[in-house]
Amino acid sequence: MKKLVLLFLLVHFSYAQESPHLDYYLPQHLTYRTDIPTPKQVIGHEVGEWHVTHDKLIEYMKALAEASDRITFQERGTTYEGRTLPLLVITAPENHNRIEEIRQQHLRLSETGADKLDTGNMPVVVYQGFSIHGNEPSGSNAAMVLAYYLAAGEGPAIDDLLRNTVILLDPAFNPDGLQRFAYWANTNKSKNLNPDNNEREYHEVWPGGRTNHYWFDMNRDWLPVQLPESRSRIASFHRWLPNILTDHHEMGTNSSFFFQPGEPSRVHPLTPEMNQQLTGEIAQFHVKALDSIGSLYFSGENYDDFYYGKGSTFPDINGSVGILFEQGSSRGHVQESENGLLTFPFTIRNQFTTAISTLEAARNMRQKLLDYQRDFYSKTRSEASGSKGKAIVFGDEKDASKAYHLAEILKQHQIKVYEPAGDFTEKGKKYKKGYSYIVPRNQKNIRIIDAMFETRTTFADSLFYDISAWTFPLAFDMDYTEVNASRGDREITDLQLPKGQVTAKSNYAYLFEWHEYYTPKALYKILKKGIRAKVGRRVFSIADKTYDYGTIMIPVHNQHISADELYTFLQDVAAAAHIKIHGVTTGSATGTDLGSGQFGTLELPEVAILTGNGISPYDAGEIWHLFDQRYDIPITKIDESYFSRVNLDRYNVFILTNTWGSLGPHIQDKLQTWVKNGGTLIGYRNAVNWLKSNDFVKVDLRTTDRVAKNITYEQERDFRGAQVTGGAIFQADTDRSHPINFGYKDHTIALFRNTNIFMEPDEQSYNNPIRYTDNPLLSGYISEENLDKLKGTVPFKVQRLGRGKVLLFTDNTNFRAFWFGTNKLLMNAVYFNKFM
């Protein structure tokens, strides 16, 4: 038996070292044009011999577009690292000659009068996208074979396909991550391919190639659209409204191949039943294709269609059909697996095969898919018409920038927003013109509006592949309510951030409240300039204007620049941060005078964050992005591998994000010494447990163990999964006088939570500035047991350690870059920790 196994491995190992040939992937019943370059002729190696880098991928796609009259190449923008975001439009040459006419006609399927269109003579539109996770590279490598097949293939079948289909090929959803992973896999490849799972090739260094430049999982950004890659992609989606969108991924090495539909009980209620029926019908084409090449596969389990921020689910509320593919990953060139040796070319072939079967499904189901899209929008128009006269208003009477950013997301999804005709109050909430927006429900994309604004607390299933709630006005911590659409004055077509200004030149002092979203950016510019600034810890009034907790005061005198220079500088600060800075002529105030000790002196934050093994790159990347992209505040990323050699004395704030594993004693000892000497350590999520177990803090945690009773072994996974709080939204009461809550306008806050860490409140009420209410669930899923444990706990604590402090957050205040509403909690911890 051992000899047979050895022979099996030797045969496959030998095969793995041979260069794959293009014929391995391509259907052999076709002929291929010799005037179309193969991938090897352009990039210098066969597909699957090496991992294609993004630059070579783009080089090949451009070469195809140059050689083929079936392809046009578009550049839609760049990534954070400056890489091209391409889109190939592939169809018959005669279609290219009238491509704009085809696009416009296709869009009319979603408009009034679509019933007059003859779908029998219209092309179907298919958007095929690959490798949104950069270390799931078989998709992007398969995209080269697919593009070659479509450019060079000859025969009646492919001619018919191209005449009746417009293919939007996105060869690399994540250029930066793909480049990072290709570098790793290629630089660790041996001449004699080694499938040993322990081989370095299959263990990328932190943070890995899955994410983009700022370590975001971009397959969660289709709805929030906070990243440049997503913005280009969503613009293309709405420009075409494809009938099918494919999203090619990879999963664990020991897995086979998955295609949708997923778990039937985990489909979002806003997704039409017909969508799932079409998904199932398309799946039969994958079955036939994978059977023909002998590949194992599975469907109808594990994955869901719930969160609309994923590429395979977002299309489902847009009259399209999203299809997820998951291929067991070789994570390199060949790796041992439970299914035998898994080679990189094999993974590419499966991705290519299902890309072709998708097109075959689109060709055969063309009219059915077009009719479905027309019917979808007919029904949504009916829903919208039933909501005629109704609208949603959202806003924050103190923060115009934050409201702008939510309106900006809506506009990217082609949702119309209006400005209020004037200030008004609705259900006790104040909505100010310039600080609020009105969204009429009677419009085309009502399903997207519903998906973004709904709250949901009951579910058919208690297991979720991703988050269970993402209500956008709660994510932005803004007021919102239903109003009459007549409240709107005009549609906003030129959405702009508020213009900052200094209201008057002063020879005494300048003041600005802390409410606006970009005030941390303004304060950093001021402190970096060496200008003295203070924060007010009381409410006060000057000249009939009331200034809230956290107001920033800049004295004019005893600065290192003149009064005129200060005025000019603050004008630039106000413009860059979109805030109003008020010049005052007196220090006499009602409440507390400007010279009072209630104004605390601020210092320039020097911030560092731990990165590397044991740290979640998602959480660390979200904070890096917040500081770097939003607030223009430098943050030093220190890797755990050289942490012991770093002098921490130059930093006054250190951030420890969610930990995924153990951190060495060298980190514990050094951080503890630094805190005791006066540093401020901010710990997030699972870092709370690490800080507790390593004697940084003393906190009492409510336990979450639950004993299974009458649960079979088969039910064990569902039993444990039901106790996971994967992502839901909860309400907490706040003490606005506490510095952690400076800049918030009322006494409640909506928090995103995806942990089961429950901190007991302090016996002194003033030490509980944020506390979950007795009825905290706003939207999303949490088990009854965990909800009961959450009530009355605190998501934030401050404890002293020597001369320093440790600040604890059980919840993520920076989730996926779109949780604008709690970003300021972190910035308050950074700027105002000395007053806590």
# chains A, B, ... in the order shown; residues from 1 in each chain; ligands from 1
>>> residues_around(residues="A:Ile438", least_positions_apart="6", cutoff="12 Å", atoms="only C-alpha atoms", output="PyMOL selection string")
chain A and resi 389-395+403-404+406-407+410+415-422+431-432+449+479-492
>>> residues_around(residues="A:Lys709", least_positions_apart="5", cutoff="12 Å", atoms="only C-alpha atoms", output="MDAnalysis selection string")
chainID A and resid 715:716 719
>>> closest_residue(among="A:Ser506, A:Thr703, A:His515, A:Ala722", to="A:Leu825", atoms="only C-alpha atoms")
A:His515
>>> select_by_dssp(residues="stretch 406-640 of chain A", states="helix (DSSP H, G or I)", output="number ranges by chain")
A: 406-412, 446-453, 472-475, 485-487, 519-528, 563-577, 617-630
>>> select_by_dssp(residues="stretch 518-649 of chain A", states="strand (DSSP E)", output="ChimeraX atom specification")
/A:534-536,540-542,545-547,552-555,580-584,599-601,607-611,635-639
>>> residues_around(residues="A:Phe512", least_positions_apart="3", cutoff="10 Å", atoms="only C-alpha atoms", output="list in words")
Val502, His515, Glu516, Thr519, Ala522, Leu523, Val535, Tyr547, Asp548, Gly550, Thr551, Ile552, Met553, Ile554, Ala574, Ile579, Lys580, Ile581, His582 and Gly583 of chain A
>>> atom_distance(atom1="atom CA of A:Thr455", atom2="atom CA of A:Ala475")
11.6 Å
>>> closest_residue(among="A:Phe237, A:Phe696, A:Phe835, A:Phe820", to="A:Leu801", atoms="only C-alpha atoms")
A:Phe696
>>> closest_atom_pairs(of="stretch 102-213 of chain A", to="stretch 629-641 of chain A", cutoff="12 Å", atoms="only C-alpha atoms", output="JSON lines")
{"residue": "A:Val205", "atom": "CA", "partner": "A:Ser641", "partner_atom": "CA", "distance": 11.3}
{"residue": "A:Trp206", "atom": "CA", "partner": "A:Asp639", "partner_atom": "CA", "distance": 9.5}
{"residue": "A:Pro207", "atom": "CA", "partner": "A:Asp639", "partner_atom": "CA", "distance": 10.6}
{"residue": "A:His213", "atom": "CA", "partner": "A:Gln629", "partner_atom": "CA", "distance": 11.9}
>>> closest_atom_pairs(of="stretch 704-739 of chain A", to="stretch 792-797 of chain A", cutoff="12 Å", atoms="only C-alpha atoms", output="Markdown table")
| residue | atom | partner | partner_atom | distance |
| --- | --- | --- | --- | --- |
| A:Phe730 | CA | A:Pro795 | CA | 10.7 |
| A:Gln731 | CA | A:Gly792 | CA | 10.7 |
| A:Ala732 | CA | A:Val794 | CA | 8.5 |
| A:Asp733 | CA | A:Gly792 | CA | 9.6 |
| A:Thr734 | CA | A:Val794 | CA | 10.3 |
| A:Asp735 | CA | A:Phe796 | CA | 11.9 |
| A:His738 | CA | A:Lys797 | CA | 11.7 |
>>> residues_around(residues="A:Phe472", least_positions_apart="4", cutoff="8 Å", atoms="only C-alpha atoms", output="list of chain:residue names")
A:Leu406, A:Met452, A:Phe453, A:Phe476
>>> residues_around(residues="A:Arg702", least_positions_apart="3", cutoff="10 Å", atoms="only C-alpha atoms", output="PyMOL selection string")
chain A and resi 699+705+756-760+786+789-790+793
>>> write_last_selection(atoms="N, CA and C atoms", output="compact mmCIF listing (two decimals), in the first residue's frame")
# COMPACT_ATOMS: atom_id res chain seq x y z
N VAL A 699 -9.90 43.89 35.17
CA VAL A 699 -11.29 44.06 34.75
C VAL A 699 -12.04 42.75 34.98
N ASP A 705 -19.73 30.95 28.55
CA ASP A 705 -19.82 29.51 28.32
C ASP A 705 -21.26 29.04 28.40
N ASN A 756 -17.61 38.78 21.83
CA ASN A 756 -18.38 38.42 23.02
C ASN A 756 -17.56 38.73 24.27
N ILE A 757 -16.97 39.90 24.27
CA ILE A 757 -16.23 40.38 25.43
C ILE A 757 -17.14 41.35 26.18
N PHE A 758 -17.49 41.01 27.41
CA PHE A 758 -18.46 41.80 28.17
C PHE A 758 -17.79 42.29 29.45
N MET A 759 -17.47 43.59 29.52
CA MET A 759 -16.81 44.16 30.70
C MET A 759 -17.85 44.64 31.70
N GLU A 760 -17.67 44.24 32.95
CA GLU A 760 -18.55 44.72 34.01
C GLU A 760 -18.31 46.21 34.25
N ASN A 786 -26.28 35.86 24.89
CA ASN A 786 -25.28 36.92 24.81
C ASN A 786 -25.91 38.30 24.95
N LYS A 789 -26.25 38.97 28.55
CA LYS A 789 -24.96 39.29 29.17
C LYS A 789 -24.48 40.69 28.79
N LEU A 790 -24.86 41.14 27.61
CA LEU A 790 -24.40 42.46 27.14
C LEU A 790 -25.05 43.60 27.91
N THR A 793 -23.36 46.28 30.40
CA THR A 793 -21.89 46.24 30.42
C THR A 793 -21.33 47.51 29.78
